[in-house]
Amino acid sequence: MIQQTNLGGSFTLPNTLIAFNRLGYGAMQLAGQGVFGPPRDVDAAVAVLREAVALGVNHIDTSDFYGPHITNQIIRQALHPYPENLVIVTKVGARRPADKSWQPALSRQELIDAVHENLQNLGLEAMEIVNLRVPGTGDHGSGVFEGSIAEPLSTLVDLKRQGLIRHIGLSNITAQQFEEAQVMTEIVCVQNQYNLAHREDDALIDDLAQRGVAYVPFFPLGGFTPLQSSKLDAAASSLNATPMQVALAWLLQRSPNILLIPGTSSVEHLRENLKAPDLRLPPQTVNDLNLIAVTAAH
C-alpha cells in the first residue's frame, strides 16, 4: 500500500507511457564501501528498497557495475516480482576490476554483456531504460568526454531493435553529444552531475524541458566547498529542514523535467529525503541559494 503520494508530482517520458514520480531512488549506496562488494547489512539494504516502494517511489536507478552485481542482486531479492508501475533504470559503459577502479567498457561486446548481466541479475527479460554512461576522467568516471558517442550508442540501438532495451538514455554527456544521439535514436532522459554548486547544465536543462526530455541530476550535494555548504546549512536551519531536503527541493523547483534519485542506505534518511517535495522554498531563500553557484564560478 502506498503511504505517501506527494513525490513532487509526475513526469511522463517522451513518447512513452512511463510516468515517473519526480522523486525516485538511487541504489548506488546499497553496495559496500567505495561502491564495491556487499554491504555490511544486506537486510538493511532490502528494507530501504521496500520502504521506498511502499512510500510511492516508482523509479529506481541502478547499474550492474555497482558492486559489481551486488546492488542489482539486492534489488531483485527485495522487490522481485516487481510492482507493475516500478521502472528500474540501469546504466552501462563502465566496469569494476578487482582493484576497485572505474574503467571504461564501451566496446560492442562489453556493452552487450553488460545489458545481459543487468537482465540476469535483476531477473528481467527486457530493460525499460538503459543509460549509456560516457566515462570521464574524475572520481567514479565523472568529468566530461567531448568526442563522438555514435559507436557505443549504435550497440544499444541494436539491442533496442532486438527488444532487450525499450528506451535509451544518456549519462555524463554534453549538449553536442545529445544532439548526435537524437539523430540515431530517441533519447528519453539525460543523467548528469548538477546541483546548487554545479550549474554548468542550466542551458541544457532548459532545452531538454522544451523537448519534453527528463533530466536526472546525480550528486545533489556533491562538490560543495565549505563556504557553499555553510550557506546551504544556514538556509536549511532557517526552514527547519536538512541540507539534503533543501538541495532536493531547490532542484524540484528548478525545472519540471528534473527527476531526482537521491541515494541512502538508511530508512530514516530515505524518509527525510522523500519529504523534500513538501518543502516550499521562499523566493528570498531561492535567491540566496542561487548565489551558491555564483561563488562556485569564482
# chains A, B, ... in the order shown; residues from 1 in each chain; ligands from 1

$ closest_atom_pairs --of "region 46-107 of chain A" --to "region 271-276 of chain A" --cutoff "9 Å" --atoms "only C-alpha atoms" --output "JSON lines"
{"residue": "A:Glu51", "atom": "CA", "partner": "A:Arg271", "partner_atom": "CA", "distance": 8.5}
{"residue": "A:Ala52", "atom": "CA", "partner": "A:Arg271", "partner_atom": "CA", "distance": 8.2}
{"residue": "A:Leu55", "atom": "CA", "partner": "A:Leu274", "partner_atom": "CA", "distance": 8.2}
{"residue": "A:Val57", "atom": "CA", "partner": "A:Leu274", "partner_atom": "CA", "distance": 8.9}

$ residues_around --residues "Gly24 (chain A)" --least-positions-apart "2" --cutoff "8 Å" --atoms "only C-alpha atoms" --output "ChimeraX atom specification"
/A:20-22,26,57-61,259-262

$ write_last_selection --atoms "N, CA and C atoms" --output "tab-separated table (two decimals), in the first residue's frame"
chain	number	residue	atom	x	y	z
A	20	PHE	N	6.98	8.91	-14.29
A	20	PHE	CA	7.79	8.79	-13.07
A	20	PHE	C	7.30	9.78	-12.03
A	21	ASN	N	7.14	9.33	-10.77
A	21	ASN	CA	7.10	10.29	-9.68
A	21	ASN	C	8.45	10.98	-9.66
A	22	ARG	N	8.45	12.30	-9.45
A	22	ARG	CA	9.68	13.07	-9.67
A	22	ARG	C	10.76	12.77	-8.63
A	26	GLY	N	18.12	6.32	-5.87
A	26	GLY	CA	19.36	5.85	-6.48
A	26	GLY	C	19.99	4.78	-5.61
A	57	VAL	N	7.74	5.45	-4.41
A	57	VAL	CA	8.82	5.56	-5.40
A	57	VAL	C	8.57	4.54	-6.53
A	58	ASN	N	8.59	5.03	-7.77
A	58	ASN	CA	8.41	4.11	-8.91
A	58	ASN	C	9.55	4.22	-9.92
A	59	HIS	N	10.66	4.81	-9.50
A	59	HIS	CA	11.85	4.99	-10.35
A	59	HIS	C	13.08	4.66	-9.52
A	60	ILE	N	13.70	3.55	-9.82
A	60	ILE	CA	14.94	3.15	-9.14
A	60	ILE	C	16.08	3.17	-10.14
A	61	ASP	N	17.12	3.89	-9.80
A	61	ASP	CA	18.31	4.00	-10.65
A	61	ASP	C	19.39	3.07	-10.12
A	259	LEU	N	14.06	15.01	-12.58
A	259	LEU	CA	13.70	13.85	-11.77
A	259	LEU	C	14.86	13.56	-10.82
A	260	LEU	N	14.56	13.28	-9.57
A	260	LEU	CA	15.60	13.12	-8.57
A	260	LEU	C	15.77	11.66	-8.16
A	261	ILE	N	17.02	11.27	-7.90
A	261	ILE	CA	17.32	9.90	-7.48
A	261	ILE	C	18.30	9.91	-6.30
A	262	PRO	N	17.95	10.61	-5.20
A	262	PRO	CA	18.87	10.61	-4.06
A	262	PRO	C	19.04	9.20	-3.51

$ closest_residue --among "A:Ala234, A:Gly56, A:Glu110, A:Ala181" --to "Gly9 (chain A)" --atoms "only C-alpha atoms"
A:Gly56
